[in-house]
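S.K.: If it helps, the file is called coords.pdb and holds PDB, C-alpha atoms:
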```
ATOM      1  CA  MET R 652     -18.487   6.343-135.770
ATOM      2  CA  GLN R 653     -21.950   5.292-134.761
ATOM      3  CA  THR R 654     -21.097   1.612-134.523
ATOM      4  CA  GLN R 655     -18.105   2.561-132.438
ATOM      5  CA  LEU R 656     -20.240   4.518-130.053
ATOM      6  CA  SER R 657     -22.691   1.712-129.610
ATOM      7  CA  THR R 658     -19.919  -0.784-128.958
ATOM      8  CA  LEU R 659     -18.433   1.410-126.247
ATOM      9  CA  SER R 660     -18.694  -0.727-123.158
ATOM     10  CA  ARG R 661     -20.297   0.477-119.989
ATOM     11  CA  ARG R 662     -16.978   0.158-118.202
ATOM     12  CA  ASP R 663     -15.266   2.439-120.740
ATOM     13  CA  ALA R 664     -18.045   4.942-120.475
ATOM     14  CA  VAL R 665     -17.737   5.061-116.697
ATOM     15  CA  LYS R 666     -13.969   5.418-116.955
ATOM     16  CA  ALA R 667     -14.251   8.285-119.433
ATOM     17  CA  ALA R 668     -16.741  10.074-117.228
ATOM     18  CA  ALA R 669     -14.475   9.679-114.226
ATOM     19  CA  TRP R 670     -11.531  11.153-116.147
ATOM     20  CA  ALA R 671     -13.616  14.081-117.287
ATOM     21  CA  LEU R 672     -14.664  14.774-113.718
ATOM     22  CA  ALA R 673     -11.109  14.513-112.425
ATOM     23  CA  ALA R 674      -9.855  16.852-115.158
ATOM     24  CA  ALA R 675     -12.560  19.379-114.353
ATOM     25  CA  ALA R 676     -11.640  19.254-110.679
ATOM     26  CA  ILE R 677      -7.932  19.795-111.306
ATOM     27  CA  ALA R 678      -8.004  22.283-114.169
ATOM     28  CA  PRO R 679      -9.222  25.423-112.374
ATOM     29  CA  LYS R 680      -6.751  24.877-109.562
ATOM     30  CA  LEU R 681      -3.719  24.820-111.848
ATOM     31  CA  ALA R 682      -3.749  28.582-112.249
ATOM     32  CA  PHE R 683      -3.490  29.217-108.522
ATOM     33  CA  ALA R 684      -0.805  29.037-105.903
ATOM     34  CA  ASP R 685      -1.349  26.402-103.273
ATOM     35  CA  GLU R 686       0.055  25.345 -99.930
ATOM     36  CA  LYS R 687       3.183  24.111-101.703
ATOM     37  CA  ALA R 688       3.835  27.467-103.381
ATOM     38  CA  VAL R 689       3.443  29.233-100.046
ATOM     39  CA  ALA R 690       5.665  26.666 -98.309
ATOM     40  CA  ALA R 691       8.300  27.201-101.029
ATOM     41  CA  GLU R 692       8.206  30.983-100.510
ATOM     42  CA  ILE R 693       8.608  30.539 -96.756
ATOM     43  CA  LYS R 694      11.472  28.105 -97.276
ATOM     44  CA  LYS R 695      13.177  30.670 -99.526
ATOM     45  CA  LEU R 696      13.003  33.208 -96.701
ATOM     46  CA  TYR R 697      13.703  31.126 -93.626
ATOM     47  CA  GLY R 698      14.740  27.607 -94.705
ATOM     48  CA  ASP R 699      13.492  24.923 -92.357
ATOM     49  CA  LYS R 700      13.692  26.989 -89.175
ATOM     50  CA  PRO R 701      11.143  25.937 -86.582
ATOM     51  CA  MET R 702       8.135  28.199 -86.063
ATOM     52  CA  ALA R 703       6.110  28.712 -82.942
ATOM     53  CA  SER R 704       2.469  29.634 -82.777
ATOM     54  CA  GLY R 705       1.090  32.498 -80.710
ATOM     55  CA  LYS R 706       2.009  36.201 -80.422
ATOM     56  CA  ILE R 707       0.268  36.998 -83.713
ATOM     57  CA  LYS R 708      -3.196  38.502 -83.847
ATOM     58  CA  LEU R 709      -4.430  38.072 -87.398
ATOM     59  CA  ASP R 710      -7.576  40.117 -87.775
ATOM     60  CA  VAL R 711      -9.478  39.240 -90.964
ATOM     61  CA  PRO R 712     -13.184  38.810 -91.720
ATOM     62  CA  GLU R 713     -14.541  35.253 -91.564
ATOM     63  CA  ILE R 714     -16.576  35.877 -94.685
ATOM     64  CA  ALA R 715     -15.507  38.375 -97.345
ATOM     65  CA  GLU R 716     -18.370  39.378 -99.594
ATOM     66  CA  ASN R 717     -16.078  41.103-102.066
ATOM     67  CA  GLY R 718     -12.736  39.434-102.728
ATOM     68  CA  LEU R 719     -11.408  42.662-104.272
ATOM     69  CA  VAL R 720     -11.187  44.483-100.967
ATOM     70  CA  VAL R 721     -10.570  42.327 -97.913
ATOM     71  CA  PRO R 722      -9.286  44.166 -94.829
ATOM     72  CA  ILE R 723      -6.374  42.554 -93.003
ATOM     73  CA  ASN R 724      -4.939  43.749 -89.731
ATOM     74  CA  VAL R 725      -1.941  42.077 -88.103
ATOM     75  CA  GLU R 726      -0.700  42.779 -84.621
ATOM     76  CA  ILE R 727       2.269  41.082 -82.994
ATOM     77  CA  GLU R 728       2.856  40.992 -79.273
ATOM     78  CA  SER R 729       6.213  42.634 -78.606
ATOM     79  CA  PRO R 730       7.693  45.301 -76.322
ATOM     80  CA  MET R 731       9.191  46.988 -79.459
ATOM     81  CA  THR R 732      12.395  48.101 -77.747
ATOM     82  CA  GLU R 733      15.873  48.213 -79.321
ATOM     83  CA  ALA R 734      16.623  44.861 -77.684
ATOM     84  CA  ASP R 735      13.408  43.084 -78.561
ATOM     85  CA  TYR R 736      11.216  44.026 -81.486
ATOM     86  CA  VAL R 737       9.434  42.601 -84.487
ATOM     87  CA  LYS R 738      11.644  42.857 -87.542
ATOM     88  CA  ALA R 739       9.445  41.605 -90.344
ATOM     89  CA  VAL R 740       5.996  40.229 -91.017
ATOM     90  CA  HIS R 741       5.007  38.345 -94.157
ATOM     91  CA  VAL R 742       1.506  37.499 -95.311
ATOM     92  CA  PHE R 743       0.783  34.766 -97.866
ATOM     93  CA  ALA R 744      -2.404  33.604 -99.566
ATOM     94  CA  GLU R 745      -2.739  29.928-100.456
ATOM     95  CA  GLY R 746      -5.467  30.298-103.021
ATOM     96  CA  ASN R 747      -4.328  33.304-105.070
ATOM     97  CA  PRO R 748      -2.537  33.175-108.444
ATOM     98  CA  GLN R 749       0.587  34.352-106.609
ATOM     99  CA  PRO R 750       1.368  33.504-103.001
ATOM    100  CA  GLY R 751       2.675  36.893-101.767
ATOM    101  CA  VAL R 752       0.339  39.483-100.271
ATOM    102  CA  VAL R 753       2.476  41.872 -98.232
ATOM    103  CA  SER R 754       5.740  42.043 -96.269
ATOM    104  CA  TYR R 755       6.207  44.600 -93.490
ATOM    105  CA  GLN R 756       9.440  45.844 -91.991
ATOM    106  CA  PHE R 757       9.038  47.300 -88.500
ATOM    107  CA  THR R 758      11.469  49.264 -86.338
ATOM    108  CA  PRO R 759      11.443  50.007 -82.599
ATOM    109  CA  ALA R 760      10.283  53.545 -83.533
ATOM    110  CA  CYS R 761       6.869  52.083 -84.397
ATOM    111  CA  GLY R 762       6.164  51.486 -80.722
ATOM    112  CA  LYS R 763       3.668  48.825 -81.669
ATOM    113  CA  ALA R 764       3.960  46.068 -84.299
ATOM    114  CA  SER R 765       0.612  46.566 -85.914
ATOM    115  CA  ALA R 766      -0.360  47.361 -89.494
ATOM    116  CA  ALA R 767      -3.491  47.201 -91.614
ATOM    117  CA  THR R 768      -4.107  47.112 -95.346
ATOM    118  CA  ARG R 769      -6.581  45.684 -97.870
ATOM    119  CA  MET R 770      -6.005  42.701-100.122
ATOM    120  CA  ARG R 771      -7.521  40.824-103.054
ATOM    121  CA  LEU R 772      -8.526  37.198-102.661
ATOM    122  CA  ALA R 773      -9.420  35.042-105.648
ATOM    123  CA  GLN R 774     -11.372  32.414-103.717
ATOM    124  CA  THR R 775     -12.061  30.943-100.296
ATOM    125  CA  GLN R 776      -8.675  30.141 -98.807
ATOM    126  CA  ASP R 777      -6.182  30.141 -95.944
ATOM    127  CA  ILE R 778      -4.015  33.152 -95.121
ATOM    128  CA  ILE R 779      -0.621  32.488 -93.537
ATOM    129  CA  CYS R 780       1.205  35.088 -91.470
ATOM    130  CA  ILE R 781       4.827  34.817 -90.336
ATOM    131  CA  ALA R 782       6.527  37.180 -87.908
ATOM    132  CA  GLU R 783      10.297  37.414 -87.520
ATOM    133  CA  MET R 784      11.527  38.768 -84.188
ATOM    134  CA  SER R 785      14.780  40.682 -83.719
ATOM    135  CA  ASN R 786      16.334  37.630 -82.005
ATOM    136  CA  GLY R 787      15.531  35.486 -85.035
ATOM    137  CA  ALA R 788      12.575  33.628 -83.532
ATOM    138  CA  LEU R 789       9.709  32.921 -85.907
ATOM    139  CA  HIS R 790       6.010  32.840 -85.200
ATOM    140  CA  THR R 791       3.193  31.828 -87.480
ATOM    141  CA  ALA R 792      -0.586  32.077 -87.633
ATOM    142  CA  LYS R 793      -3.260  30.977 -90.058
ATOM    143  CA  ALA R 794      -6.781  32.149 -90.830
ATOM    144  CA  ASN R 795      -9.441  30.921 -93.203
ATOM    145  CA  ILE R 796     -11.488  33.416 -95.192
ATOM    146  CA  LYS R 797     -14.613  32.502 -97.133
ATOM    147  CA  VAL R 798     -14.822  34.579-100.291
ATOM    148  CA  THR R 799     -18.199  35.070-101.932
ATOM    149  CA  ILE R 800     -17.042  36.926-105.055
ATOM    150  CA  GLY R 801     -13.435  36.382-106.159
ATOM    151  CA  GLY R 802     -11.169  39.369-106.749
ATOM    152  CA  CYS R 803      -9.163  38.254-109.757
ATOM    153  CA  GLY R 804      -9.473  38.459-113.535
ATOM    154  CA  GLY R 805     -12.378  40.419-114.898
TER     155      GLY R 805
ATOM    156  CA  MET G 213      -7.152  55.621-116.162
ATOM    157  CA  THR G 214      -3.778  57.253-116.006
ATOM    158  CA  THR G 215      -4.534  60.018-113.573
ATOM    159  CA  LYS G 216      -1.565  60.829-111.399
ATOM    160  CA  PRO G 217      -1.692  58.924-108.125
ATOM    161  CA  THR G 218      -2.580  61.227-105.229
ATOM    162  CA  PRO G 219      -1.353  60.252-101.788
ATOM    163  CA  ARG G 220      -3.485  61.050 -98.770
ATOM    164  CA  VAL G 221      -2.046  60.753 -95.282
ATOM    165  CA  ARG G 222      -3.657  61.234 -91.904
ATOM    166  CA  VAL G 223      -1.241  62.068 -89.102
ATOM    167  CA  PRO G 224      -2.270  63.907 -85.944
ATOM    168  CA  ALA G 225      -0.709  67.402 -85.940
ATOM    169  CA  LYS G 226       0.172  67.202 -82.258
ATOM    170  CA  ALA G 227       1.056  64.417 -79.869
ATOM    171  CA  ALA G 228       2.246  64.090 -76.292
ATOM    172  CA  ALA G 229       5.736  62.688 -75.733
ATOM    173  CA  GLY G 230       5.568  58.897 -75.586
ATOM    174  CA  GLU G 231       2.128  58.811 -77.135
ATOM    175  CA  MET G 232       1.343  56.080 -79.651
ATOM    176  CA  ILE G 233      -0.147  57.562 -82.793
ATOM    177  CA  GLU G 234      -1.740  55.780 -85.712
ATOM    178  CA  ILE G 235      -0.800  56.864 -89.214
ATOM    179  CA  LYS G 236      -3.217  56.135 -92.014
ATOM    180  CA  THR G 237      -2.251  56.407 -95.656
ATOM    181  CA  LEU G 238      -4.121  56.006 -98.897
ATOM    182  CA  ILE G 239      -3.014  56.509-102.493
ATOM    183  CA  SER G 240      -5.112  56.426-105.635
ATOM    184  CA  HIS G 241      -3.649  53.746-107.910
ATOM    185  CA  GLU G 242      -5.049  51.042-110.176
ATOM    186  CA  MET G 243      -2.722  48.327-108.814
ATOM    187  CA  GLU G 244      -3.015  46.407-112.088
ATOM    188  CA  SER G 245      -2.303  42.852-110.965
ATOM    189  CA  GLY G 246      -0.975  41.398-114.220
ATOM    190  CA  GLN G 247      -3.679  38.725-114.007
ATOM    191  CA  ARG G 248      -6.408  40.471-115.959
ATOM    192  CA  LYS G 249      -7.017  40.211-119.690
ATOM    193  CA  ASP G 250      -8.267  42.934-122.016
ATOM    194  CA  ALA G 251     -11.091  42.612-124.561
ATOM    195  CA  GLU G 252      -8.769  40.887-127.068
ATOM    196  CA  GLY G 253      -7.677  38.302-124.542
ATOM    197  CA  LYS G 254      -4.213  39.795-124.087
ATOM    198  CA  THR G 255      -2.853  39.952-120.555
ATOM    199  CA  ILE G 256      -2.702  43.484-119.181
ATOM    200  CA  PRO G 257       0.860  43.952-117.866
ATOM    201  CA  ARG G 258       1.384  44.318-114.132
ATOM    202  CA  LYS G 259       1.686  47.865-112.809
ATOM    203  CA  ILE G 260       1.478  48.198-109.066
ATOM    204  CA  ILE G 261       3.089  50.192-106.302
ATOM    205  CA  ASN G 262       5.534  47.643-104.933
ATOM    206  CA  LYS G 263       7.006  49.542-101.998
ATOM    207  CA  PHE G 264       5.726  51.936 -99.377
ATOM    208  CA  SER G 265       8.089  53.428 -96.834
ATOM    209  CA  ALA G 266       7.809  55.907 -94.014
ATOM    210  CA  SER G 267      10.605  57.743 -92.265
ATOM    211  CA  PHE G 268      10.708  60.367 -89.525
ATOM    212  CA  ASN G 269      13.452  63.038 -89.524
ATOM    213  CA  GLY G 270      15.288  60.886 -92.068
ATOM    214  CA  LYS G 271      15.194  57.739 -89.927
ATOM    215  CA  PRO G 272      13.277  54.735 -91.309
ATOM    216  CA  VAL G 273      10.167  53.863 -89.303
ATOM    217  CA  PHE G 274       8.116  51.418 -91.291
ATOM    218  CA  SER G 275       8.023  49.953 -94.770
ATOM    219  CA  ALA G 276       5.869  47.519 -96.688
ATOM    220  CA  ASP G 277       6.456  45.431 -99.813
ATOM    221  CA  TRP G 278       3.194  45.169-101.666
ATOM    222  CA  TYR G 279       2.506  42.309-104.052
ATOM    223  CA  SER G 280      -0.174  42.005-106.708
ATOM    224  CA  ALA G 281      -2.685  40.831-104.092
ATOM    225  CA  ILE G 282      -2.962  44.349-102.656
ATOM    226  CA  SER G 283      -6.249  46.057-103.547
ATOM    227  CA  ALA G 284      -6.562  49.049-105.858
ATOM    228  CA  ASN G 285      -6.157  52.416-104.112
ATOM    229  CA  PRO G 286      -3.938  50.800-101.494
ATOM    230  CA  TYR G 287      -4.498  51.640 -97.862
ATOM    231  CA  GLN G 288      -1.829  51.217 -95.233
ATOM    232  CA  SER G 289      -1.901  52.046 -91.578
ATOM    233  CA  PHE G 290       0.742  51.586 -88.891
ATOM    234  CA  PHE G 291       1.843  53.047 -85.557
ATOM    235  CA  PHE G 292       4.515  55.450 -84.390
ATOM    236  CA  LYS G 293       5.681  56.322 -80.903
ATOM    237  CA  ALA G 294       6.026  60.106 -80.731
ATOM    238  CA  THR G 295       9.164  61.261 -78.927
ATOM    239  CA  GLU G 296      10.185  64.510 -80.652
ATOM    240  CA  SER G 297       8.845  67.026 -83.139
ATOM    241  CA  GLY G 298       9.733  66.535 -86.744
ATOM    242  CA  GLU G 299       8.585  65.592 -90.181
ATOM    243  CA  PHE G 300       7.426  62.371 -91.755
ATOM    244  CA  THR G 301       8.349  61.467 -95.329
ATOM    245  CA  PHE G 302       6.221  58.882 -97.077
ATOM    246  CA  ILE G 303       7.354  57.367-100.362
ATOM    247  CA  TRP G 304       5.440  55.085-102.713
ATOM    248  CA  LYS G 305       7.447  53.327-105.463
ATOM    249  CA  ASP G 306       5.716  52.344-108.679
ATOM    250  CA  ASP G 307       6.611  49.393-110.955
ATOM    251  CA  ASP G 308       7.328  51.930-113.718
ATOM    252  CA  GLY G 309      10.002  53.621-111.620
ATOM    253  CA  SER G 310       8.051  56.697-110.574
ATOM    254  CA  GLU G 311       7.930  57.790-106.969
ATOM    255  CA  TYR G 312       5.141  59.573-105.162
ATOM    256  CA  THR G 313       5.926  61.376-101.930
ATOM    257  CA  ALA G 314       4.083  63.085 -99.107
ATOM    258  CA  LYS G 315       5.391  64.982 -96.087
ATOM    259  CA  ASN G 316       3.651  65.618 -92.775
ATOM    260  CA  LYS G 317       4.775  67.593 -89.741
ATOM    261  CA  LEU G 318       4.303  66.377 -86.200
ATOM    262  CA  THR G 319       4.629  68.567 -83.103
ATOM    263  CA  VAL G 320       5.388  66.844 -79.834
ATOM    264  CA  GLY G 321       4.827  68.553 -76.514
TER     265      GLY G 321
END
```
Take the structure in the file and write it out as structure tokens.

M.R.:
Amino acid sequence: MQTQLSTLSRRDAVKAAAWALAAAAIAPKLAFADEKAVAAEIKKLYGDKPMASGKIKLDVPEIAENGLVVPINVEIESPMTEADYVKAVHVFAEGNPQPGVVSYQFTPACGKASAATRMRLAQTQDIICIAEMSNGALHTAKANIKVTIGGCGG
Amino acid sequence: MTTKPTPRVRVPAKAAAGEMIEIKTLISHEMESGQRKDAEGKTIPRKIINKFSASFNGKPVFSADWYSAISANPYQSFFFKATESGEFTFIWKDDDGSEYTAKNKLTVG
């Protein structure tokens, strides 16, 4: 064993170290959803329909000290009449073990397409919000939240 | 740990016709995410409230599907345009099949 170690070339040693580093970088991410998981969820809901930006006000803190309780407030610009209202809103987290956060169903009786709740975030990540209007149009918005203490496991 | 979830709802008792009111709800619940492990390393099974819905005089107003990323003791607020007097019914549906309900009256005029 000892002779083997001493004959290990410098090149091999560097290679091994690089692999170890790469493995360490990938391993913790495996347990979490990523952009692809979120994209897959969105595709399941709406296929490849085009999405416009705007109309969505995604109100989240820039820095969340406690990932266990992160306030999120969404508001969508809409007259909320029988002819034109916001039907559904979906929120996804790219860096959580599971992509889904919340899905809202609004009706014209709401008067205003706005709702607030509190979510858990495992790490610093992007939050994606999608709003579906009554005429089928889709809008999307994104926000980044820096999480100081993750809200998963324990 | 297994205390019965208690819903708390804040709805104004009175509103003017056409007024936009904010409804705030809170329910005590662990919202066990299914991600945590116990002392022996076994995964604690998921048990969350997965659906919240609000209706007024029997007509649906607002509903929310909650996933495991919703915090313990889930809070939910939303708006309602007051047009007539009546009663709200709020229902929370648990993963284990139980339902928790709350009712609130609203007087318009």

S.K.: Pick out the residues sitting within 10 Å of Ser240 in chain G, and hand them over as a list in words; count only C-alpha atoms, and ignore anything fewer than 3 positions along from it in its own chain.

M.R.: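 The contact residues come out as Thr215, Lys216, Pro217, Thr218, Pro219, Arg220, Met243, Ala284, Asn285, Pro286 and Tyr287 of chain G.
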
S.K.: Take the point (-1.7, 40.6, -96.2) as written in the file and pick out every residue within 12 Å of it, counting all atoms listed in the file; give the list as a PyMOL selection string.

M.R.: (chain R and resi 709-711+720-726+740-745+747+750-755+766-772+777-781+793-794) or (chain G and resi 276-283+286-288)

S.K.: I'd like to see the residues matched by the PyMOL selection byres ((chain G and resi 245-252) around 8) on this file, and ideally I'd get them as a list in words.

M.R.: Pro748, Cys803, Gly804 and Gly805 of chain R; Met243, Glu244, Gly253, Lys254, Thr255, Ile256, Pro257, Arg258, Lys259, Ile260, Ser280 and Ala281 of chain G

S.K.: One decimal, in Å: what's the spacing between CA of Ala227 in chain G and CA of Ser297 in chain G?

M.R.: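 Calculated distance between CA of Ala227 in chain G and CA of Ser297 in chain G is 8.8 Å.
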
S.K.: What's the separation between CA of Lys226 in chain G and CA of Val320 in chain G, in Å to one decimal place?

M.R.: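 Value for the CA of Lys226 in chain G-CA of Val320 in chain G distance: 5.8 Å.
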
S.K.: What box, with edges along x, y and z, holds each listed atom of range 682-697 of chain R when 5 Å is added on every side, and can you state its centre and edge lengths in Å to one decimal, as AutoDock Vina command-line options?

M.R.:
```
--center_x 5.0 --center_y 28.7 --center_z -102.9 --size_x 27.5 --size_y 19.1 --size_z 28.6
```

S.K.: To verify the selection step, state as a PyMOL selection string which residues the PyMOL selection byres ((chain R and resi 788) around 9) yields on this input.

M.R.: chain R and resi 700-703+782-787+789-790

S.K.: How would you write, as a list in words, the residues chosen by the PyMOL selection byres ((chain R and resi 685) around 8) on this structure?

M.R.: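 What the PyMOL selection byres ((chain R and resi 685) around 8) grabs from the file is Phe683, Ala684, Glu686, Lys687, Ala688, Val689, Glu745, Gly746, Asn747 and Pro750 of chain R.
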
S.K.: Let me make sure I understand: among G:Phe274, G:Phe268, G:His241, G:Ala229, which one has the smallest atom-to-atom distance to chain R if we use only C-alpha atoms?

M.R.: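 Result for the nearest residue to chain R: G:Phe274.
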
S.K.: At a cut-off of 9 Å around the point (-18.7, 37.5, -99.0) (file coordinates), what residues fall inside when counting all atoms listed in the file? I'd like the answer as a ChimeraX atom specification.

M.R.: /R:713-718,797-801

S.K.: Taking into account all atoms listed in the file, which residue in the set G:Ile261, G:Thr295, G:Ala228, G:Ile303 is nearest to Ser275 in chain G?

M.R.: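 Under the stated criterion, the closest residue is G:Ile303.
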